$ cat data_33.cif   # mmCIF, C-alpha atoms (C1' of nucleotides)
data_input
loop_
_atom_site.label_atom_id
_atom_site.label_comp_id
_atom_site.auth_asym_id
_atom_site.auth_seq_id
_atom_site.Cartn_x
_atom_site.Cartn_y
_atom_site.Cartn_z
CA MET A 1 34.34 -11.68 10.41
CA LYS A 2 30.58 -12.23 10.29
CA ILE A 3 28.81 -11.28 7.06
CA VAL A 4 25.02 -11.54 6.86
CA THR A 5 22.37 -11.16 4.16
CA TRP A 6 18.80 -10.26 5.09
CA ASN A 7 15.77 -9.26 3.04
CA ILE A 8 14.27 -6.87 5.61
CA ASN A 9 10.97 -6.24 3.73
CA GLY A 10 10.70 -2.52 4.49
CA VAL A 11 13.42 -1.04 6.72
CA ARG A 12 11.21 1.72 8.13
CA ALA A 13 8.54 -0.74 9.25
CA ARG A 14 11.27 -3.03 10.57
CA ILE A 15 13.66 -0.61 12.35
CA ASP A 16 12.91 -1.90 15.88
CA VAL A 17 13.45 -5.50 14.74
CA LEU A 18 16.64 -4.53 12.90
CA VAL A 19 18.12 -2.74 15.93
CA ALA A 20 17.26 -5.65 18.25
CA TRP A 21 18.78 -8.10 15.80
CA LEU A 22 22.01 -6.08 15.33
CA LYS A 23 22.50 -6.02 19.12
CA GLU A 24 21.96 -9.78 19.36
CA SER A 25 23.79 -11.00 16.25
CA GLN A 26 26.75 -8.56 16.23
CA PRO A 27 27.47 -8.82 12.49
CA ASP A 28 30.45 -7.06 10.91
CA ILE A 29 28.79 -6.49 7.53
CA VAL A 30 25.07 -6.68 6.71
CA CYS A 31 23.62 -6.87 3.20
CA LEU A 32 20.01 -5.66 3.28
CA GLN A 33 17.42 -6.02 0.52
CA GLU A 34 13.94 -4.59 -0.02
CA ILE A 35 14.54 -1.52 2.11
CA LYS A 36 11.55 -0.02 0.21
CA THR A 37 12.60 3.57 0.74
CA MET A 38 14.57 6.29 -0.95
CA ASP A 39 18.03 7.05 0.51
CA GLU A 40 16.62 10.05 2.42
CA GLY A 41 14.07 7.87 4.21
CA PHE A 42 16.54 5.29 5.53
CA PRO A 43 16.61 5.31 9.37
CA ARG A 44 20.37 5.72 9.43
CA ALA A 45 20.70 7.45 12.82
CA GLU A 46 19.47 4.39 14.74
CA ILE A 47 21.98 2.20 12.89
CA GLU A 48 24.89 4.62 13.17
CA ALA A 49 24.25 4.85 16.93
CA LEU A 50 25.25 1.17 17.10
CA GLY A 51 28.58 1.89 15.40
CA TYR A 52 27.72 0.98 11.80
CA HIS A 53 28.42 2.81 8.59
CA VAL A 54 25.39 2.96 6.29
CA GLU A 55 25.48 2.90 2.49
CA THR A 56 22.18 2.77 0.62
CA HIS A 57 20.90 2.41 -2.91
CA GLY A 58 17.24 3.19 -2.38
CA GLN A 59 14.09 3.49 -4.46
CA LYS A 60 10.66 4.93 -3.70
CA GLY A 61 8.25 2.26 -2.53
CA PHE A 62 9.94 -0.86 -3.91
CA ASN A 63 13.26 -2.71 -4.02
CA GLY A 64 16.30 -0.91 -2.57
CA VAL A 65 19.48 -2.41 -1.06
CA ALA A 66 21.95 -1.33 1.62
CA LEU A 67 25.27 -2.19 3.26
CA LEU A 68 25.77 -1.78 7.01
CA SER A 69 29.35 -2.24 8.20
CA LYS A 70 31.58 -1.81 11.23
CA LEU A 71 34.41 -0.99 8.82
CA ARG A 72 34.12 2.08 6.63
CA PRO A 73 34.11 0.97 2.99
CA ASP A 74 36.96 2.30 0.85
CA GLU A 75 34.76 2.28 -2.24
CA VAL A 76 31.04 1.90 -2.94
CA ASN A 77 29.43 1.18 -6.32
CA ARG A 78 25.69 1.43 -6.93
CA GLY A 79 23.76 -0.46 -9.61
CA LEU A 80 24.55 -3.65 -11.52
CA PRO A 81 26.60 -2.90 -14.67
CA GLY A 82 25.28 -3.84 -18.10
CA ASN A 83 22.11 -1.79 -18.61
CA ASP A 84 22.17 1.97 -18.08
CA SER A 85 18.40 2.22 -18.59
CA ASP A 86 17.61 -0.13 -15.67
CA GLU A 87 16.13 2.14 -12.99
CA GLN A 88 15.44 -0.54 -10.37
CA SER A 89 17.71 -0.33 -7.30
CA ARG A 90 18.83 -3.89 -6.74
CA PHE A 91 22.61 -3.88 -6.35
CA ILE A 92 25.32 -2.23 -4.22
CA GLU A 93 28.98 -3.18 -3.87
CA GLY A 94 31.35 -2.22 -1.05
CA VAL A 95 35.11 -2.69 -0.89
CA PHE A 96 36.66 -3.13 2.58
CA SER A 97 40.30 -3.24 3.63
CA ILE A 98 41.41 -6.30 5.56
CA GLU A 99 44.82 -7.50 6.66
CA GLY A 100 46.77 -8.21 3.50
CA GLY A 101 44.28 -6.81 1.00
CA ALA A 102 40.60 -6.15 0.36
CA ILE A 103 37.26 -7.94 0.28
CA ARG A 104 34.31 -7.05 -1.92
CA VAL A 105 30.79 -7.51 -0.59
CA CYS A 106 27.70 -7.05 -2.76
CA SER A 107 24.09 -6.83 -1.59
CA LEU A 108 21.78 -7.93 -4.40
CA TYR A 109 18.04 -8.25 -4.83
CA LEU A 110 17.47 -10.42 -7.87
CA PRO A 111 14.14 -9.84 -9.66
CA ASN A 112 11.29 -12.18 -8.65
CA GLY A 113 10.23 -12.74 -12.27
CA ASN A 114 6.58 -13.69 -11.75
CA PRO A 115 4.32 -14.05 -13.60
CA VAL A 116 6.50 -16.01 -16.02
CA GLU A 117 4.41 -15.13 -19.10
CA THR A 118 4.96 -11.38 -18.59
CA GLU A 119 7.93 -9.12 -19.32
CA LYS A 120 9.01 -9.64 -15.70
CA TYR A 121 10.54 -13.03 -16.46
CA PRO A 122 12.84 -11.97 -19.31
CA TYR A 123 13.90 -9.04 -17.08
CA LYS A 124 14.90 -11.58 -14.41
CA LEU A 125 16.88 -13.68 -16.90
CA SER A 126 18.67 -10.66 -18.37
CA TRP A 127 19.49 -9.44 -14.85
CA MET A 128 21.01 -12.87 -14.12
CA ASP A 129 23.05 -12.61 -17.34
CA ARG A 130 24.37 -9.24 -16.13
CA LEU A 131 25.15 -10.70 -12.69
CA ASN A 132 27.08 -13.56 -14.26
CA ALA A 133 29.05 -11.15 -16.45
CA PHE A 134 29.83 -8.99 -13.40
CA ALA A 135 30.90 -12.04 -11.38
CA GLN A 136 33.13 -13.26 -14.19
CA SER A 137 34.84 -9.88 -14.56
CA ARG A 138 35.44 -9.60 -10.80
CA LEU A 139 37.00 -13.09 -10.67
CA ALA A 140 39.99 -11.68 -12.56
CA LEU A 141 40.83 -9.61 -9.46
CA GLU A 142 41.44 -12.84 -7.51
CA GLU A 143 40.02 -11.21 -4.37
CA PRO A 144 37.59 -12.51 -1.77
CA LEU A 145 34.17 -11.59 -3.23
CA ILE A 146 30.85 -12.25 -1.53
CA LEU A 147 27.70 -11.94 -3.66
CA ALA A 148 25.02 -11.97 -0.97
CA GLY A 149 21.32 -11.41 -1.26
CA ASP A 150 17.82 -12.49 -2.10
CA TYR A 151 18.41 -14.41 -5.33
CA ASN A 152 14.74 -15.37 -5.80
CA VAL A 153 16.13 -18.72 -6.94
CA ILE A 154 15.21 -22.16 -5.56
CA ALA A 155 18.39 -23.88 -6.69
CA GLU A 156 17.50 -27.49 -5.89
CA PRO A 157 14.32 -29.50 -5.19
CA HIS A 158 15.16 -29.86 -1.50
CA ASP A 159 15.27 -26.07 -1.18
CA CYS A 160 11.45 -25.97 -1.12
CA TRP A 161 8.85 -27.86 0.88
CA ASP A 162 6.92 -29.12 -2.14
CA VAL A 163 8.26 -29.16 -5.68
CA LYS A 164 4.75 -29.45 -7.13
CA VAL A 165 3.78 -26.08 -5.67
CA TRP A 166 6.82 -24.33 -7.19
CA GLN A 167 7.11 -26.23 -10.49
CA ASN A 168 5.78 -23.40 -12.64
CA ASP A 169 7.06 -20.50 -10.55
CA ALA A 170 9.75 -18.14 -11.84
CA LEU A 171 11.90 -19.05 -8.81
CA PHE A 172 12.14 -22.71 -9.90
CA GLN A 173 11.98 -22.54 -13.70
CA PRO A 174 14.67 -24.61 -15.46
CA ARG A 175 16.12 -21.49 -17.08
CA THR A 176 16.30 -19.77 -13.66
CA ARG A 177 18.12 -22.70 -12.07
CA GLN A 178 20.39 -22.99 -15.10
CA ALA A 179 21.40 -19.32 -14.85
CA PHE A 180 22.14 -19.76 -11.13
CA ARG A 181 24.22 -22.85 -11.89
CA ARG A 182 26.35 -20.79 -14.28
CA LEU A 183 27.49 -18.77 -11.25
CA GLU A 184 28.54 -22.00 -9.53
CA ASN A 185 30.26 -23.21 -12.70
CA LEU A 186 32.30 -20.00 -12.79
CA GLY A 187 33.73 -21.13 -9.46
CA PHE A 188 31.40 -19.56 -6.89
CA THR A 189 30.46 -21.55 -3.77
CA ASP A 190 27.02 -21.54 -2.15
CA ALA A 191 28.20 -20.91 1.43
CA VAL A 192 25.21 -22.50 3.19
CA ARG A 193 25.17 -25.61 1.02
CA ALA A 194 28.94 -26.03 1.49
CA THR A 195 28.63 -26.10 5.28
CA THR A 196 25.40 -28.00 5.96
CA ASP A 197 23.94 -31.45 5.29
CA THR A 198 20.93 -32.09 3.05
CA THR A 199 18.34 -31.27 5.71
CA PRO A 200 15.81 -28.74 4.38
CA LEU A 201 16.99 -25.33 5.50
CA TYR A 202 14.68 -22.51 4.51
CA THR A 203 15.22 -18.73 4.57
CA PHE A 204 11.73 -17.48 3.58
CA TRP A 205 8.25 -18.33 4.77
CA ASP A 206 5.28 -16.53 3.20
CA TYR A 207 3.08 -14.47 5.52
CA GLN A 208 0.02 -16.12 3.96
CA ALA A 209 -1.79 -19.37 4.68
CA GLY A 210 0.16 -20.25 7.84
CA CYS A 211 3.36 -21.06 5.97
CA TRP A 212 5.60 -20.35 8.98
CA PRO A 213 3.87 -22.62 11.55
CA LYS A 214 3.63 -25.37 8.92
CA ASN A 215 7.30 -24.87 7.91
CA PHE A 216 6.29 -24.34 4.28
CA GLY A 217 9.47 -22.46 3.39
CA ILE A 218 11.96 -22.01 0.59
CA ARG A 219 15.72 -21.32 0.54
CA ILE A 220 16.33 -18.34 -1.73
CA ASP A 221 18.75 -16.12 0.23
CA HIS A 222 22.32 -17.04 -0.65
CA LEU A 223 25.92 -16.03 -0.08
CA MET A 224 27.92 -16.95 -3.18
CA LEU A 225 31.68 -16.93 -2.62
CA SER A 226 34.61 -16.48 -4.96
CA PRO A 227 37.36 -19.10 -4.47
CA GLU A 228 39.37 -16.63 -2.36
CA ALA A 229 36.35 -16.08 -0.06
CA ALA A 230 35.42 -19.77 0.07
CA ASP A 231 38.97 -20.54 1.24
CA LYS A 232 38.27 -18.42 4.35
CA LEU A 233 34.77 -19.72 5.13
CA ILE A 234 34.42 -21.17 8.63
CA SER A 235 30.68 -21.72 9.15
CA THR A 236 27.18 -20.51 8.27
CA ASN A 237 24.01 -20.00 10.28
CA VAL A 238 20.42 -19.43 9.16
CA GLU A 239 19.04 -17.31 12.01
CA LYS A 240 15.62 -18.91 11.82
CA HIS A 241 14.43 -17.83 15.28
CA VAL A 242 14.09 -14.23 14.03
CA ARG A 243 11.07 -15.31 11.94
CA ALA A 244 9.13 -15.87 15.20
CA TRP A 245 9.71 -12.31 16.51
CA GLU A 246 7.02 -9.62 16.61
CA LYS A 247 6.45 -7.96 13.21
CA PRO A 248 9.03 -10.14 11.44
CA SER A 249 10.25 -9.94 7.87
CA ASP A 250 9.16 -12.91 5.78
CA HIS A 251 12.90 -13.65 5.27
CA VAL A 252 15.45 -14.45 8.01
CA PRO A 253 19.12 -13.40 8.29
CA VAL A 254 21.60 -15.81 6.70
CA ALA A 255 25.07 -15.48 8.25
CA ALA A 256 28.55 -16.64 7.26
CA GLU A 257 31.68 -16.51 9.42
CA PHE A 258 35.08 -15.97 7.77
CA ASN A 259 38.61 -15.86 9.09
CA PHE A 260 39.41 -12.51 7.50
CA ALA A 261 41.42 -10.28 9.82
CA ALA A 262 40.16 -6.70 9.85
"C1'" DA B 1 -11.92 -22.80 0.39
"C1'" DT B 2 -9.42 -20.01 -6.29
"C1'" DG B 3 -8.58 -18.03 -0.17
"C1'" DG B 4 -4.57 -16.13 2.66
"C1'" DT B 5 -0.69 -11.37 4.62
"C1'" DT B 6 2.31 -7.44 4.59
"C1'" DG B 7 4.54 -2.78 3.16
"C1'" DC B 8 4.19 1.34 0.78
"C1'" DA B 9 1.23 4.82 0.29
"C1'" DT B 10 -3.46 5.85 0.44
"C1'" DG B 11 -5.47 2.66 -4.71
"C1'" DG B 12 -3.45 -1.02 -6.15
"C1'" DC B 13 0.79 -3.25 -6.89
"C1'" DA B 14 4.53 -6.33 -5.63
"C1'" DA B 15 5.77 -10.15 -3.23
#

$ encode --input "data_33.cif" --output "structure tokens"
Amino acid sequence: MKIVTWNINGVRARIDVLVAWLKESQPDIVCLQEIKTMDEGFPRAEIEALGYHVETHGQKGFNGVALLSKLRPDEVNRGLPGNDSDEQSRFIEGVFSIEGGAIRVCSLYLPNGNPVETEKYPYKLSWMDRLNAFAQSRLALEEPLILAGDYNVIAEPHDCWDVKVWQNDALFQPRTRQAFRRLENLGFTDAVRATTDTTPLYTFWDYQAGCWPKNFGIRIDHLMLSPEAADKLISTNVEKHVRAWEKPSDHVPVAAEFNFAA
DNA sequence: ATGGTTGCATGGCAA
């Protein structure tokens, strides 16, 4: 089973790219972020025509996440628990039946947090606290759980092209990296890091200043796996070639293959 | 060189 996370950067502007990619990549489950539309505006017909179920948690203009899946989810939960007054749409969870049980797949769009001296940074840190609490509570289920998305976290120095450029950025702050590490210390595995060597492997290249041709990228899109999911991990693939397509997102799809039987 | 690009929505914000 192929599970992919992709920050699409506007699903309505990107529908042709998304359809072309779905046909090429043939994923089983897709976690989208930054759909940048309300649920009503999501171009679901084009996706459903390819045999996918569509579940969205949209927002006008900004943010928004979605799950596309060949299997119909048995259960869908919208919003990250822990703050009922949080109106930003950044989290959706789907539960899917597989042979012998269920898997849970979450599409998350973690707050960027810049500029650090504004209220945006404490919002990021509190969101990470909520994510860690959610992850910890789900671990008790002892099920395969995949927390996939745009984490807006540069976890290690080799996950960016130049540490000096990112030193003071919210994505690389010590407290940001520490909060991400808590997820690993709970027992979650970074799927890409677990299956690749130390070669720089980026998932985002800014549109500005020729970052893509210069390979000035960062790795911020992650699939974090519970022990039961990590046990079934076969391989991962950063689908970097998609960044060179016409009208690309600034992020590329990050895929993981599992030996779950549907 | 204090720039540069894109999406949403149509001015300015977020990234």

$ resolve_selection --input "data_33.cif" --expression "the PyMOL selection byres ((chain A and resi 66) around 9)" --output "list in words"
Val30, Cys31, Leu32, Gln33, Glu34, Ile35, Val54, Glu55, Thr56, His57, Gly58, Gly64, Val65, Leu67, Leu68, Phe91, Ile92, Ser107 and Leu108 of chain A

$ closest_atom_pairs --input "data_33.cif" --of "chain B" --to "chain A" --cutoff "7 Å" --atoms "all atoms listed in the file" --output "CSV"
residue,atom,partner,partner_atom,distance
B:DG4,C1',A:Ala209,CA,4.7
B:DT5,C1',A:Gln208,CA,4.8
B:DG7,C1',A:Gly10,CA,6.3
B:DC8,C1',A:Gly61,CA,5.3

$ resolve_selection --input "data_33.cif" --expression "the PyMOL selection byres ((chain A and resi 126) around 12)" --output "JSON list (two decimals) with C-alpha atoms, in the coordinates of the input"
[["chain", "number", "residue", "atom", "x", "y", "z"],
["A", 80, "LEU", "CA", 24.55, -3.65, -11.52],
["A", 81, "PRO", "CA", 26.60, -2.90, -14.67],
["A", 82, "GLY", "CA", 25.28, -3.84, -18.10],
["A", 83, "ASN", "CA", 22.11, -1.79, -18.61],
["A", 86, "ASP", "CA", 17.61, -0.13, -15.67],
["A", 110, "LEU", "CA", 17.47, -10.42, -7.87],
["A", 111, "PRO", "CA", 14.14, -9.84, -9.66],
["A", 113, "GLY", "CA", 10.23, -12.74, -12.27],
["A", 119, "GLU", "CA", 7.93, -9.12, -19.32],
["A", 120, "LYS", "CA", 9.01, -9.64, -15.70],
["A", 121, "TYR", "CA", 10.54, -13.03, -16.46],
["A", 122, "PRO", "CA", 12.84, -11.97, -19.31],
["A", 123, "TYR", "CA", 13.90, -9.04, -17.08],
["A", 124, "LYS", "CA", 14.90, -11.58, -14.41],
["A", 125, "LEU", "CA", 16.88, -13.68, -16.90],
["A", 127, "TRP", "CA", 19.49, -9.44, -14.85],
["A", 128, "MET", "CA", 21.01, -12.87, -14.12],
["A", 129, "ASP", "CA", 23.05, -12.61, -17.34],
["A", 130, "ARG", "CA", 24.37, -9.24, -16.13],
["A", 131, "LEU", "CA", 25.15, -10.70, -12.69],
["A", 132, "ASN", "CA", 27.08, -13.56, -14.26],
["A", 133, "ALA", "CA", 29.05, -11.15, -16.45],
["A", 175, "ARG", "CA", 16.12, -21.49, -17.08],
["A", 176, "THR", "CA", 16.30, -19.77, -13.66],
["A", 179, "ALA", "CA", 21.40, -19.32, -14.85]]

$ residues_around --input "data_33.cif" --residues "Phe204 in chain A" --least-positions-apart "6" --cutoff "7 Å" --atoms "only C-alpha atoms (C1' of nucleotides)" --output "list in words"
Gly217, Ile218, Arg219, Asp250, His251 and Val252 of chain A

$ residues_around --input "data_33.cif" --residues "Ile154 in chain A" --least-positions-apart "2" --cutoff "6 Å" --atoms "only C-alpha atoms (C1' of nucleotides)" --output "mmCIF file with C-alpha atoms, keeping the file's coordinate frame"
data_model
loop_
_atom_site.group_PDB
_atom_site.id
_atom_site.type_symbol
_atom_site.label_atom_id
_atom_site.label_comp_id
_atom_site.auth_asym_id
_atom_site.auth_seq_id
_atom_site.Cartn_x
_atom_site.Cartn_y
_atom_site.Cartn_z
ATOM 1 C CA GLU A 156 17.500 -27.490 -5.890
ATOM 2 C CA ASP A 159 15.270 -26.070 -1.180
ATOM 3 C CA LEU A 171 11.900 -19.050 -8.810
ATOM 4 C CA PHE A 172 12.140 -22.710 -9.900
ATOM 5 C CA ILE A 220 16.330 -18.340 -1.730
#

$ closest_residue --input "data_33.cif" --among "A:Asp197, A:Glu257, A:Glu143, A:Glu239" --to "Asp28 in chain A" --atoms "all atoms listed in the file"
A:Glu257

$ atom_distance --input "data_33.cif" --atom1 "CA of Ile234 in chain A" --atom2 "CA of Phe258 in chain A"
5.3 Å

$ closest_residue --input "data_33.cif" --among "A:Ala140, A:Leu145, A:Leu223, A:Ala45" --to "Phe260 in chain A" --atoms "all atoms listed in the file"
A:Leu145

$ decode --input "data_33.cif" --residues "range 157-174 of chain A" --atoms "N, CA and C atoms" --output "short mmCIF file (atom, residue, chain, number, x, y, z; two decimals), in the first residue's frame"
data_model
loop_
_atom_site.label_atom_id
_atom_site.label_comp_id
_atom_site.auth_asym_id
_atom_site.auth_seq_id
_atom_site.Cartn_x
_atom_site.Cartn_y
_atom_site.Cartn_z
N PRO A 157 20.37 19.48 10.83
CA PRO A 157 21.12 20.42 9.96
C PRO A 157 21.20 19.98 8.50
N HIS A 158 21.34 18.69 8.25
CA HIS A 158 21.45 18.24 6.85
C HIS A 158 20.13 18.26 6.11
N ASP A 159 19.05 18.65 6.78
CA ASP A 159 17.76 18.78 6.11
C ASP A 159 17.54 20.16 5.50
N CYS A 160 18.59 20.98 5.47
CA CYS A 160 18.53 22.25 4.74
C CYS A 160 19.87 22.49 4.05
N TRP A 161 19.85 23.37 3.03
CA TRP A 161 21.06 23.54 2.23
C TRP A 161 22.09 24.42 2.92
N ASP A 162 21.63 25.25 3.87
CA ASP A 162 22.57 26.14 4.54
C ASP A 162 22.01 26.51 5.92
N VAL A 163 22.62 25.97 6.93
CA VAL A 163 22.14 26.18 8.30
C VAL A 163 22.12 27.67 8.65
N LYS A 164 23.07 28.43 8.15
CA LYS A 164 23.15 29.85 8.49
C LYS A 164 21.90 30.61 8.05
N VAL A 165 21.36 30.22 6.89
CA VAL A 165 20.16 30.87 6.37
C VAL A 165 18.95 30.60 7.26
N TRP A 166 18.89 29.42 7.88
CA TRP A 166 17.70 28.99 8.61
C TRP A 166 17.84 29.11 10.12
N GLN A 167 19.01 29.55 10.59
CA GLN A 167 19.32 29.54 12.02
C GLN A 167 18.24 30.20 12.88
N ASN A 168 17.73 31.33 12.41
CA ASN A 168 16.76 32.08 13.22
C ASN A 168 15.31 31.89 12.78
N ASP A 169 15.09 30.96 11.87
CA ASP A 169 13.75 30.72 11.34
C ASP A 169 12.97 29.81 12.28
N ALA A 170 11.64 30.02 12.30
CA ALA A 170 10.78 29.19 13.16
C ALA A 170 10.89 27.70 12.84
N LEU A 171 11.24 27.36 11.59
CA LEU A 171 11.33 25.96 11.19
C LEU A 171 12.53 25.23 11.80
N PHE A 172 13.53 26.03 12.26
CA PHE A 172 14.78 25.42 12.74
C PHE A 172 15.12 25.86 14.16
N GLN A 173 14.22 26.54 14.83
CA GLN A 173 14.46 26.97 16.20
C GLN A 173 14.70 25.76 17.11
N PRO A 174 15.56 25.88 18.11
CA PRO A 174 15.78 24.75 19.03
C PRO A 174 14.49 24.22 19.64
#
